[in-house]
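Asker: Next comes the structure file my_file_15.txt, holding compact mmCIF, C-alpha atoms.
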```
# COMPACT_ATOMS: atom_id res chain seq x y z
CA MET A 1 0.00 0.00 0.00
CA SER A 2 1.39 3.42 -0.95
CA SER A 3 2.12 6.02 1.69
CA ARG A 4 -0.48 8.24 0.02
CA ASN A 5 -3.20 5.61 0.45
CA LEU A 6 -2.07 4.92 4.01
CA GLY A 7 -2.29 8.63 4.83
CA GLU A 8 -5.79 8.81 3.39
CA ILE A 9 -6.91 5.83 5.47
CA THR A 10 -5.40 7.43 8.59
CA ARG A 11 -7.29 10.66 7.95
CA ILE A 12 -10.55 8.78 7.45
CA GLU A 13 -10.04 6.80 10.66
CA ASP A 14 -9.10 9.99 12.50
CA ALA A 15 -12.24 11.68 11.25
CA ALA A 16 -14.44 8.81 12.43
CA LEU A 17 -12.82 8.77 15.87
CA THR A 18 -13.04 12.55 16.19
CA LEU A 19 -16.71 12.67 15.29
CA ALA A 20 -17.42 9.85 17.73
CA ALA A 21 -15.46 11.65 20.47
CA GLN A 22 -17.36 14.87 19.81
CA ALA A 23 -20.57 12.89 20.23
CA GLY A 24 -19.40 11.74 23.68
CA ASP A 25 -17.76 8.40 22.86
CA VAL A 26 -15.03 8.21 25.49
CA ALA A 27 -13.30 5.15 24.02
CA SER A 28 -12.85 6.90 20.66
CA LEU A 29 -11.23 9.87 22.34
CA GLY A 30 -8.80 7.56 24.13
CA LEU A 31 -7.90 5.79 20.90
CA LEU A 32 -7.39 9.12 19.15
CA LEU A 33 -4.94 10.34 21.78
CA GLU A 34 -3.10 7.03 21.83
CA ARG A 35 -2.56 6.82 18.08
CA HIS A 36 -1.14 10.37 17.99
CA ARG A 37 0.89 10.20 21.22
CA ALA A 38 4.19 9.50 19.41
CA GLY A 39 3.73 12.49 17.09
CA MET A 40 2.76 14.72 20.00
CA ARG A 41 5.85 13.67 21.93
CA ALA A 42 8.09 14.26 18.92
CA VAL A 43 6.84 17.85 18.71
CA ALA A 44 7.49 18.39 22.41
CA VAL A 45 11.06 17.06 22.06
CA SER A 46 11.70 19.25 19.01
CA VAL A 47 10.75 22.37 20.99
CA LEU A 48 12.05 21.52 24.47
CA GLY A 49 14.74 18.95 23.89
CA PRO A 50 14.89 15.73 25.94
CA GLY A 51 13.86 16.05 29.57
CA PRO A 52 11.03 15.64 32.09
CA ASP A 53 9.13 18.63 30.69
CA VAL A 54 8.37 16.64 27.52
CA ASP A 55 6.06 14.18 29.24
CA ASP A 56 4.46 16.98 31.27
CA VAL A 57 3.64 18.95 28.13
CA VAL A 58 2.24 15.91 26.30
CA GLN A 59 0.04 15.02 29.26
CA ASP A 60 -1.13 18.61 29.67
CA ALA A 61 -1.96 18.73 25.97
CA ALA A 62 -3.97 15.51 26.26
CA LEU A 63 -6.07 17.05 29.04
CA THR A 64 -6.58 20.16 26.93
CA ALA A 65 -7.76 17.93 24.07
CA LEU A 66 -10.28 16.31 26.44
CA ARG A 67 -11.77 19.73 27.08
CA ARG A 68 -11.61 21.09 23.54
CA VAL A 69 -12.24 18.15 21.22
CA GLY A 70 -15.61 19.71 20.37
CA ASP A 71 -13.77 22.67 18.82
CA VAL A 72 -12.19 20.58 16.04
CA ARG A 73 -13.74 21.76 12.79
CA ASP A 74 -11.85 19.47 10.39
CA PRO A 75 -11.98 15.94 11.86
CA GLU A 76 -9.48 14.65 9.28
CA ALA A 77 -6.92 17.17 10.53
CA VAL A 78 -7.14 16.23 14.20
CA GLY A 79 -3.50 15.06 14.17
CA PRO A 80 -2.09 18.50 13.28
CA TRP A 81 -4.56 20.02 15.77
CA LEU A 82 -3.19 17.83 18.59
CA ARG A 83 0.40 18.61 17.64
CA MET A 84 -0.42 22.32 17.57
CA ILE A 85 -1.69 22.11 21.15
CA VAL A 86 1.58 20.44 22.19
CA ARG A 87 3.64 23.07 20.36
CA ASN A 88 1.72 25.91 22.01
CA HIS A 89 2.13 24.39 25.48
CA ALA A 90 5.84 23.80 24.90
CA ARG A 91 6.49 27.32 23.63
CA SER A 92 4.50 28.81 26.49
CA LEU A 93 6.54 26.73 28.94
CA LEU A 94 9.75 28.17 27.46
CA ARG A 95 8.32 31.66 27.93
CA GLY A 96 7.41 30.78 31.51
CA ALA A 97 3.73 31.54 30.89
CA VAL A 98 1.87 28.29 30.31
CA ASP A 99 -1.81 29.04 29.81
CA PHE A 100 -3.59 26.46 31.95
CA ARG A 101 -7.20 27.45 31.46
CA PRO A 102 -9.39 25.71 34.02
CA LEU A 103 -10.96 22.54 32.67
CA ASP A 104 -14.36 23.67 33.89
CA ASP A 105 -14.14 26.81 31.74
CA LEU A 106 -15.81 25.31 28.67
CA HIS A 107 -15.89 27.94 25.98
CA VAL A 108 -18.30 27.06 23.19
CA PRO A 109 -18.26 29.20 20.03
CA VAL A 110 -21.48 31.09 19.38
CA THR A 111 -22.04 29.36 16.07
CA ASP A 112 -21.96 25.97 17.78
CA SER A 113 -23.83 26.82 20.96
CA GLY A 114 -27.03 24.84 20.39
CA PRO A 115 -28.57 22.73 23.15
CA GLU A 116 -27.09 19.48 21.84
CA ARG A 117 -23.54 20.88 21.87
CA TRP A 118 -23.94 22.19 25.41
CA LEU A 119 -25.16 18.80 26.57
CA GLU A 120 -22.13 17.13 25.01
CA GLN A 121 -19.72 19.62 26.59
CA HIS A 122 -21.29 19.37 30.04
CA ALA A 123 -21.32 15.57 29.92
CA MET A 124 -17.61 15.57 29.08
CA ARG A 125 -16.84 17.86 32.00
CA ASP A 126 -18.90 15.72 34.40
CA TRP A 127 -17.05 12.63 33.18
CA ILE A 128 -13.67 14.27 33.84
CA TRP A 129 -14.71 15.24 37.37
CA GLU A 130 -15.96 11.72 38.05
CA ALA A 131 -12.52 10.39 37.11
CA VAL A 132 -10.76 13.04 39.23
CA GLU A 133 -12.73 11.84 42.24
CA GLU A 134 -11.23 8.36 41.76
CA LEU A 135 -7.73 9.68 42.54
CA SER A 136 -6.24 9.59 46.02
CA PRO A 137 -6.29 12.92 47.92
CA ALA A 138 -2.51 13.23 47.55
CA LEU A 139 -2.78 13.03 43.75
CA ARG A 140 -6.10 14.85 43.43
CA LEU A 141 -5.10 18.19 44.96
CA PRO A 142 -2.04 18.87 42.73
CA LEU A 143 -3.98 17.88 39.62
CA VAL A 144 -6.97 20.06 40.46
CA LEU A 145 -4.75 23.05 41.23
CA ARG A 146 -2.70 22.62 38.07
CA HIS A 147 -5.64 22.28 35.70
CA PHE A 148 -8.75 23.67 37.40
CA SER A 149 -7.54 26.66 39.40
CA VAL A 150 -6.63 30.11 38.12
CA GLY A 151 -3.98 31.43 40.49
CA VAL A 152 -2.33 28.33 42.00
CA THR A 153 -0.92 26.58 38.95
CA SER A 154 2.90 26.75 39.09
CA TYR A 155 4.91 23.89 40.55
CA GLU A 156 6.20 26.22 43.28
CA GLN A 157 2.71 27.38 44.29
CA ILE A 158 1.36 23.82 44.31
CA ALA A 159 4.34 22.68 46.39
CA GLU A 160 3.58 25.39 48.94
CA ALA A 161 -0.11 24.48 49.01
CA CYS A 162 0.58 20.79 49.51
CA GLY A 163 3.52 21.18 51.88
CA VAL A 164 5.86 19.09 49.71
CA PRO A 165 8.97 19.75 47.58
CA VAL A 166 8.63 20.80 43.95
CA GLY A 167 10.04 17.46 42.83
CA THR A 168 7.24 15.69 44.67
CA VAL A 169 4.70 17.90 42.88
CA ARG A 170 6.14 16.84 39.51
CA SER A 171 6.01 13.19 40.54
CA ARG A 172 2.44 13.42 41.85
CA LEU A 173 1.24 15.25 38.75
CA SER A 174 2.79 12.59 36.54
CA GLN A 175 1.22 9.80 38.62
CA GLY A 176 -2.08 11.68 38.78
CA ARG A 177 -2.30 12.11 35.02
CA ALA A 178 -1.47 8.46 34.42
CA LYS A 179 -4.07 7.28 36.94
CA LEU A 180 -6.55 9.81 35.58
CA ALA A 181 -6.27 8.22 32.14
CA LEU A 182 -7.16 4.85 33.68
CA ALA A 183 -9.95 6.39 35.75
CA LEU A 184 -11.39 8.11 32.68
CA ALA A 185 -11.70 4.75 30.96
CA ALA A 186 -13.09 3.08 34.08
CA THR A 187 -15.77 5.72 34.64
CA ALA A 188 -16.81 6.21 31.02
CA ASP A 189 -20.08 4.36 31.44
CA ALA A 190 -20.71 5.31 35.08
CA PRO A 191 -23.38 7.84 36.07
CA HIS A 192 -21.87 11.32 36.34
CA GLY A 193 -22.83 14.09 38.74
CA ASP A 194 -23.70 17.56 37.51
CA ALA A 195 -20.38 19.38 37.94
CA ALA A 196 -21.76 22.68 36.67
CA ARG A 197 -24.59 22.68 39.22
CA ARG A 198 -22.16 21.74 41.99
CA THR A 199 -19.83 24.62 41.10
CA ARG A 200 -22.71 27.11 40.88
CA ALA A 201 -23.87 26.04 44.34
CA SER A 202 -20.34 26.42 45.65
CA ARG A 203 -20.10 29.97 44.32
CA ILE A 204 -23.31 30.82 46.15
CA GLU A 205 -21.95 29.24 49.32
CA ALA A 206 -18.69 31.23 49.01
CA ARG A 207 -20.57 34.53 48.74
CA GLU A 208 -22.83 33.56 51.64
CA THR A 209 -19.73 32.78 53.70
CA LEU A 210 -18.19 36.18 52.97
CA ASP A 211 -21.51 37.93 53.68
CA ALA A 212 -21.81 36.09 57.00
CA ALA A 213 -18.30 37.16 57.92
CA ALA A 214 -19.01 40.81 57.05
CA SER A 215 -22.16 40.75 59.22
CA GLY A 216 -20.40 39.19 62.19
CA HIS A 217 -21.86 35.70 61.75
CA PHE A 218 -18.83 33.83 60.43
CA GLY A 219 -18.58 31.61 63.51
CA LYS A 220 -22.28 30.78 63.36
CA LEU A 221 -22.01 29.79 59.70
CA LEU A 222 -19.00 27.56 60.38
CA THR A 223 -20.87 25.87 63.20
CA GLU A 224 -23.89 25.22 60.97
CA ARG A 225 -22.13 24.16 57.77
CA TRP A 226 -18.62 22.94 58.53
CA SER A 227 -17.56 19.78 60.29
CA PRO A 228 -17.15 20.06 64.09
CA GLU A 229 -13.64 18.65 63.53
CA ALA A 230 -12.74 21.24 60.87
CA VAL A 231 -9.08 22.26 61.11
CA LEU A 232 -6.77 24.76 59.48
CA VAL A 233 -3.77 23.00 57.95
CA ARG A 234 -0.32 24.45 57.32
CA GLY A 235 1.66 22.18 55.04
CA ASN A 236 0.35 18.84 56.27
CA GLN A 237 0.01 19.73 59.95
CA PRO A 238 -3.18 20.98 61.70
CA VAL A 239 -2.56 24.34 63.38
CA GLY A 240 -5.98 25.21 64.77
CA GLY A 241 -9.72 24.76 64.61
CA ARG A 242 -12.68 26.93 63.77
CA SER A 243 -11.94 29.43 66.54
CA LEU A 244 -8.63 30.31 64.89
CA LEU A 245 -10.39 30.88 61.58
CA VAL A 246 -12.98 33.13 63.21
CA ARG A 247 -10.31 35.19 64.97
CA GLY A 248 -8.32 35.57 61.78
CA MET A 249 -11.34 36.65 59.75
CA GLU A 250 -12.46 39.13 62.41
CA CYS A 251 -8.94 40.58 62.59
CA ASP A 252 -8.90 41.16 58.83
CA LEU A 253 -12.36 42.71 58.78
CA GLU A 254 -11.51 45.07 61.63
CA ALA A 255 -8.44 46.17 59.64
CA GLY A 256 -10.63 46.98 56.62
CA VAL A 257 -9.62 43.95 54.55
CA ARG A 258 -12.26 42.46 52.25
CA GLN A 259 -12.32 39.31 50.15
CA HIS A 260 -14.15 39.00 46.82
CA LEU A 261 -14.84 35.71 45.07
CA ALA A 262 -12.93 35.48 41.79
CA HIS A 263 -13.17 31.78 40.90
CA ALA A 264 -14.63 28.60 42.34
CA VAL A 265 -14.43 24.95 41.42
CA ALA A 266 -16.10 22.14 43.31
CA GLY A 267 -15.87 18.37 43.33
CA ARG A 268 -17.51 15.97 45.74
CA SER A 269 -14.43 15.84 47.96
CA LEU A 270 -12.46 19.00 47.17
CA VAL A 271 -13.49 22.64 46.77
CA VAL A 272 -11.32 25.59 45.73
CA TRP A 273 -12.39 29.20 46.29
CA GLU A 274 -10.04 31.82 44.88
CA MET A 275 -10.49 35.30 46.35
CA ASP A 276 -9.22 38.71 45.35
CA ILE A 277 -8.33 40.83 48.38
CA SER A 278 -8.86 44.57 48.76
CA ASN A 279 -6.93 46.40 51.46
CA PRO A 280 -7.78 49.69 53.21
CA ASP A 281 -6.51 52.84 51.50
CA ASP A 282 -4.31 53.72 54.46
CA ASP A 283 -2.65 50.28 54.48
CA PRO A 284 -2.62 49.03 50.86
CA GLU A 285 -0.14 46.20 51.61
CA HIS A 286 -1.86 44.87 54.72
CA CYS A 287 -2.65 41.57 52.94
CA PRO A 288 -1.43 39.85 49.77
CA PRO A 289 -3.66 40.60 46.76
CA ALA A 290 -5.25 37.14 46.62
CA VAL A 291 -5.91 34.02 48.65
CA ALA A 292 -7.08 30.53 47.74
CA TRP A 293 -9.23 28.48 50.11
CA LEU A 294 -8.45 24.79 49.53
CA MET A 295 -11.10 22.75 51.31
CA SER A 296 -11.33 18.98 51.74
CA LEU A 297 -14.84 17.71 52.41
CA ASP A 298 -16.02 14.85 54.59
CA GLY A 299 -18.57 12.24 53.56
CA ALA A 300 -21.43 14.60 54.38
CA GLY A 301 -20.03 17.34 52.13
CA ARG A 302 -18.84 19.51 55.04
CA VAL A 303 -15.43 21.18 55.18
CA HIS A 304 -13.09 19.31 57.51
CA ARG A 305 -9.66 20.52 56.34
CA LEU A 306 -8.75 23.99 55.08
CA ARG A 307 -5.55 25.29 53.58
CA LEU A 308 -5.11 29.01 52.87
CA VAL A 309 -2.63 29.84 50.10
CA HIS A 310 -1.60 33.24 48.80
CA PRO A 311 -0.83 32.65 45.09
CA ARG A 312 1.28 35.77 44.56
CA PRO A 313 4.01 35.83 47.20
CA VAL A 314 4.49 39.19 48.91
CA PRO A 315 5.67 40.07 52.45
CA VAL A 316 3.01 38.89 54.88
CA PRO A 317 2.03 41.14 57.81
CA HIS A 318 2.51 39.65 61.25
CA SER A 319 -1.25 39.74 61.92
CA LEU A 320 -1.89 37.27 59.10
CA GLN A 321 0.86 34.77 59.87
CA PRO A 322 -1.41 32.45 61.92
CA LEU A 323 -3.49 31.90 58.79
CA MET A 324 -0.63 31.42 56.35
CA VAL A 325 0.08 28.02 54.85
```
Show me the file's structure as structure tokens.
Answerer:
Amino acid sequence: MSSRNLGEITRIEDAALTLAAQAGDVASLGLLLERHRAGMRAVAVSVLGPGPDVDDVVQDAALTALRRVGDVRDPEAVGPWLRMIVRNHARSLLRGAVDFRPLDDLHVPVTDSGPERWLEQHAMRDWIWEAVEELSPALRLPLVLRHFSVGVTSYEQIAEACGVPVGTVRSRLSQGRAKLALALAATADAPHGDAARRTRASRIEARETLDAAASGHFGKLLTERWSPEAVLVRGNQPVGGRSLLVRGMECDLEAGVRQHLAHAVAGRSLVVWEMDISNPDDDPEHCPPAVAWLMSLDGAGRVHRLRLVHPRPVPVPHSLQPLMV
């Protein structure tokens, strides 16, 4: 068979797999990624040279493809599309500005925004979240921060949040992505929760929490909604319970500090609230400009472990040190 005929057959098979993947066929998407993995890796090596970043970029590109497969307009050209994603990730990594858009931020072009397309996109997102929930907590948190958060995405920031070295973050991300691929296949036919509804509810809860704090009812809300055993964690060590959180919040409010919800993402076992912080005019550097609430949930959906991470490192005032991770 001539190389020309072989190429034509490949394009036809790619088109069939792409169309099936866009229709929600998980197995087809897995096959598509697997048959193009060698080409994707070759592109990463050509841009980055040999090294551990190659596998990271290929895995990141595969997760991007999971989110954006519906955007492919020429199914026969899915191979070049996948390699383009790898090339963009690799070049961004060299510039030190990898664009990790959250996986729950599903942008659908206006021309393709009919009800059927939305259903497909939401089902794919729910399926991804179901697989994420299959990971161990140690693997789940780095993966969620890397791919679902907005401000805590660098290896250094994730290392600080998890209380582990940067090398451990790399290792856990690599293990997490590998296990995620297996979990995606294992959960393909399982019932999926409504991730969009869960995240919308979490945004409402975040705003209610901030409103309760501003009105002096933060402690009451924690008592009603959080686990009685809820603890603040620094690194991997508990440093205090709900009373410490209440004191810290009251201290900030008395100083004129306010938090404003910027981004939220919610799974069944892990919730991330990312807040922008506004400081009083007479003390503009009282707090860092942002904070992320990383919350692990118990079986009843109540917060039982909280980490507070400031994504953009700046000198931290002494009054906030008890709440720093």
Asker: Measure the distance from atom CA of A:Thr209 to atom CA of A:Gly240 in Å and round it to one decimal.
Answerer: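 According to the coordinates, atom CA of A:Thr209 and atom CA of A:Gly240 are separated by 19.2 Å.
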Asker: Which residue out of A:Ser215, A:Ser171, A:Ala230, A:Trp129 has the minimum interatomic distance to A:Gly193 when only C-alpha atoms are used?
Answerer: A:Trp129
Asker: Give me the residues near stretch 242-256 of chain A as a list in words, where near means some atom within 9 Å (using all atoms listed in the file) and where sequence neighbours in that chain fewer than 2 positions away do not count.
Answerer: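 Here the qualifying residues turn out to be Ala213, Ala214, Gly216, Phe218, Gly219, Leu222, Thr223, Trp226, Pro228, Glu229, Ala230, Val231, Leu232, Val239, Gly240, Arg258, Ser278, Asn279, Pro280, Asp281, Asp283, His286, Cys287, Ser319, Leu320, Pro322 and Leu323 of chain A.
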Asker: Between atom CA of A:Leu261 and atom CA of A:Glu208, measure the distance and give it in Å to one decimal.
Answerer: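 Atom CA of A:Glu208 lies at a distance of 10.6 Å from atom CA of A:Leu261.
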Asker: Let me make sure I understand: among A:Ala201, A:Val309, A:Ala42, A:Leu143, which one has the smallest atom-to-atom distance to A:Val54 if we use only C-alpha atoms?
Answerer: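 Checking each candidate against A:Val54, we get A:Ala42 as the closest.
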Asker: Please measure the separation of atom CA of A:Val69 and atom CA of A:Glu34, giving the value in Å to one decimal.
Answerer: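 Calculated distance between atom CA of A:Val69 and atom CA of A:Glu34 is 14.4 Å.
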Asker: Pick out the residues sitting within 6 Å of A:Trp273, and hand them over as a VMD selection string; count all atoms listed in the file, and ignore anything fewer than 4 positions along from it in its own chain.
Answerer: chain A and resid 264 292 to 293
Asker: What lies within 9 Å of A:Ala266 using only C-alpha atoms, ignoring chain neighbours under 3 positions off, as a PyMOL selection string?
Answerer: chain A and resi 195-196+198-203+269-273
Asker: Could you pull out every residue with an atom within 10 Å of (-0.7, 10.3, 33.4), file coordinates, counting only C-alpha atoms, and send them as a PyMOL selection string?
Answerer: chain A and resi 55-56+58-60+62-63+172-182
Asker: Next, dump the selected residues to file, keeping only C-alpha atoms, as a compact mmCIF listing (two decimals), in the frame of the given file.
Answerer:
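Output saved as part_11.txt:
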```txt
# COMPACT_ATOMS: atom_id res chain seq x y z
CA ASP A 55 6.06 14.18 29.24
CA ASP A 56 4.46 16.98 31.27
CA VAL A 58 2.24 15.91 26.30
CA GLN A 59 0.04 15.02 29.26
CA ASP A 60 -1.13 18.61 29.67
CA ALA A 62 -3.97 15.51 26.26
CA LEU A 63 -6.07 17.05 29.04
CA ARG A 172 2.44 13.42 41.85
CA LEU A 173 1.24 15.25 38.75
CA SER A 174 2.79 12.59 36.54
CA GLN A 175 1.22 9.80 38.62
CA GLY A 176 -2.08 11.68 38.78
CA ARG A 177 -2.30 12.11 35.02
CA ALA A 178 -1.47 8.46 34.42
CA LYS A 179 -4.07 7.28 36.94
CA LEU A 180 -6.55 9.81 35.58
CA ALA A 181 -6.27 8.22 32.14
CA LEU A 182 -7.16 4.85 33.68
```
Asker: Using all atoms listed in the file, which residue out of A:Arg41, A:Arg73, A:His217, A:Arg307 lies closest to A:Leu19?
Answerer: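 Answer, going by the shortest atom-to-atom distance: A:Arg73.
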Asker: Add whatever atoms are absent from stretch 142-160 of chain A to reach N, CA and C atoms, and provide the output as a PDB file, in the coordinates of the input.
Answerer:
```
ATOM      1  N   PRO A 142      -2.926  18.260  43.729  1.00  0.00           N
ATOM      2  CA  PRO A 142      -2.040  18.870  42.730  1.00  0.00           C
ATOM      3  C   PRO A 142      -2.658  18.945  41.345  1.00  0.00           C
ATOM      4  N   LEU A 143      -3.388  17.894  40.955  1.00  0.00           N
ATOM      5  CA  LEU A 143      -3.980  17.880  39.620  1.00  0.00           C
ATOM      6  C   LEU A 143      -5.059  18.944  39.486  1.00  0.00           C
ATOM      7  N   VAL A 144      -5.905  19.063  40.503  1.00  0.00           N
ATOM      8  CA  VAL A 144      -6.970  20.060  40.460  1.00  0.00           C
ATOM      9  C   VAL A 144      -6.382  21.471  40.421  1.00  0.00           C
ATOM     10  N   LEU A 145      -5.363  21.723  41.229  1.00  0.00           N
ATOM     11  CA  LEU A 145      -4.750  23.050  41.230  1.00  0.00           C
ATOM     12  C   LEU A 145      -4.100  23.356  39.883  1.00  0.00           C
ATOM     13  N   ARG A 146      -3.412  22.392  39.328  1.00  0.00           N
ATOM     14  CA  ARG A 146      -2.700  22.620  38.070  1.00  0.00           C
ATOM     15  C   ARG A 146      -3.649  22.911  36.915  1.00  0.00           C
ATOM     16  N   HIS A 147      -4.788  22.227  36.889  1.00  0.00           N
ATOM     17  CA  HIS A 147      -5.640  22.280  35.700  1.00  0.00           C
ATOM     18  C   HIS A 147      -7.001  22.940  35.921  1.00  0.00           C
ATOM     19  N   PHE A 148      -7.427  23.106  37.160  1.00  0.00           N
ATOM     20  CA  PHE A 148      -8.750  23.670  37.400  1.00  0.00           C
ATOM     21  C   PHE A 148      -8.708  25.046  38.048  1.00  0.00           C
ATOM     22  N   SER A 149      -7.606  25.367  38.719  1.00  0.00           N
ATOM     23  CA  SER A 149      -7.540  26.660  39.400  1.00  0.00           C
ATOM     24  C   SER A 149      -7.052  27.741  38.446  1.00  0.00           C
ATOM     25  N   VAL A 150      -7.086  28.969  38.916  1.00  0.00           N
ATOM     26  CA  VAL A 150      -6.630  30.110  38.120  1.00  0.00           C
ATOM     27  C   VAL A 150      -5.296  30.639  38.634  1.00  0.00           C
ATOM     28  N   GLY A 151      -5.151  30.765  39.949  1.00  0.00           N
ATOM     29  CA  GLY A 151      -3.980  31.430  40.490  1.00  0.00           C
ATOM     30  C   GLY A 151      -2.955  30.527  41.138  1.00  0.00           C
ATOM     31  N   VAL A 152      -3.263  29.242  41.336  1.00  0.00           N
ATOM     32  CA  VAL A 152      -2.330  28.330  42.000  1.00  0.00           C
ATOM     33  C   VAL A 152      -1.987  27.215  41.015  1.00  0.00           C
ATOM     34  N   THR A 153      -1.176  27.531  40.021  1.00  0.00           N
ATOM     35  CA  THR A 153      -0.920  26.580  38.950  1.00  0.00           C
ATOM     36  C   THR A 153       0.559  26.230  38.777  1.00  0.00           C
ATOM     37  N   SER A 154       1.478  27.046  39.264  1.00  0.00           N
ATOM     38  CA  SER A 154       2.900  26.750  39.090  1.00  0.00           C
ATOM     39  C   SER A 154       3.314  25.644  40.037  1.00  0.00           C
ATOM     40  N   TYR A 155       4.409  24.953  39.687  1.00  0.00           N
ATOM     41  CA  TYR A 155       4.910  23.890  40.550  1.00  0.00           C
ATOM     42  C   TYR A 155       5.235  24.430  41.941  1.00  0.00           C
ATOM     43  N   GLU A 156       5.811  25.630  41.990  1.00  0.00           N
ATOM     44  CA  GLU A 156       6.200  26.220  43.280  1.00  0.00           C
ATOM     45  C   GLU A 156       4.974  26.510  44.145  1.00  0.00           C
ATOM     46  N   GLN A 157       3.924  27.070  43.531  1.00  0.00           N
ATOM     47  CA  GLN A 157       2.710  27.380  44.290  1.00  0.00           C
ATOM     48  C   GLN A 157       2.030  26.107  44.780  1.00  0.00           C
ATOM     49  N   ILE A 158       1.989  25.085  43.922  1.00  0.00           N
ATOM     50  CA  ILE A 158       1.360  23.820  44.310  1.00  0.00           C
ATOM     51  C   ILE A 158       2.167  23.159  45.422  1.00  0.00           C
ATOM     52  N   ALA A 159       3.487  23.249  45.343  1.00  0.00           N
ATOM     53  CA  ALA A 159       4.340  22.680  46.390  1.00  0.00           C
ATOM     54  C   ALA A 159       4.050  23.350  47.729  1.00  0.00           C
ATOM     55  N   GLU A 160       3.895  24.677  47.719  1.00  0.00           N
ATOM     56  CA  GLU A 160       3.580  25.390  48.940  1.00  0.00           C
ATOM     57  C   GLU A 160       2.215  24.969  49.485  1.00  0.00           C
TER      58      GLU A 160
END
```
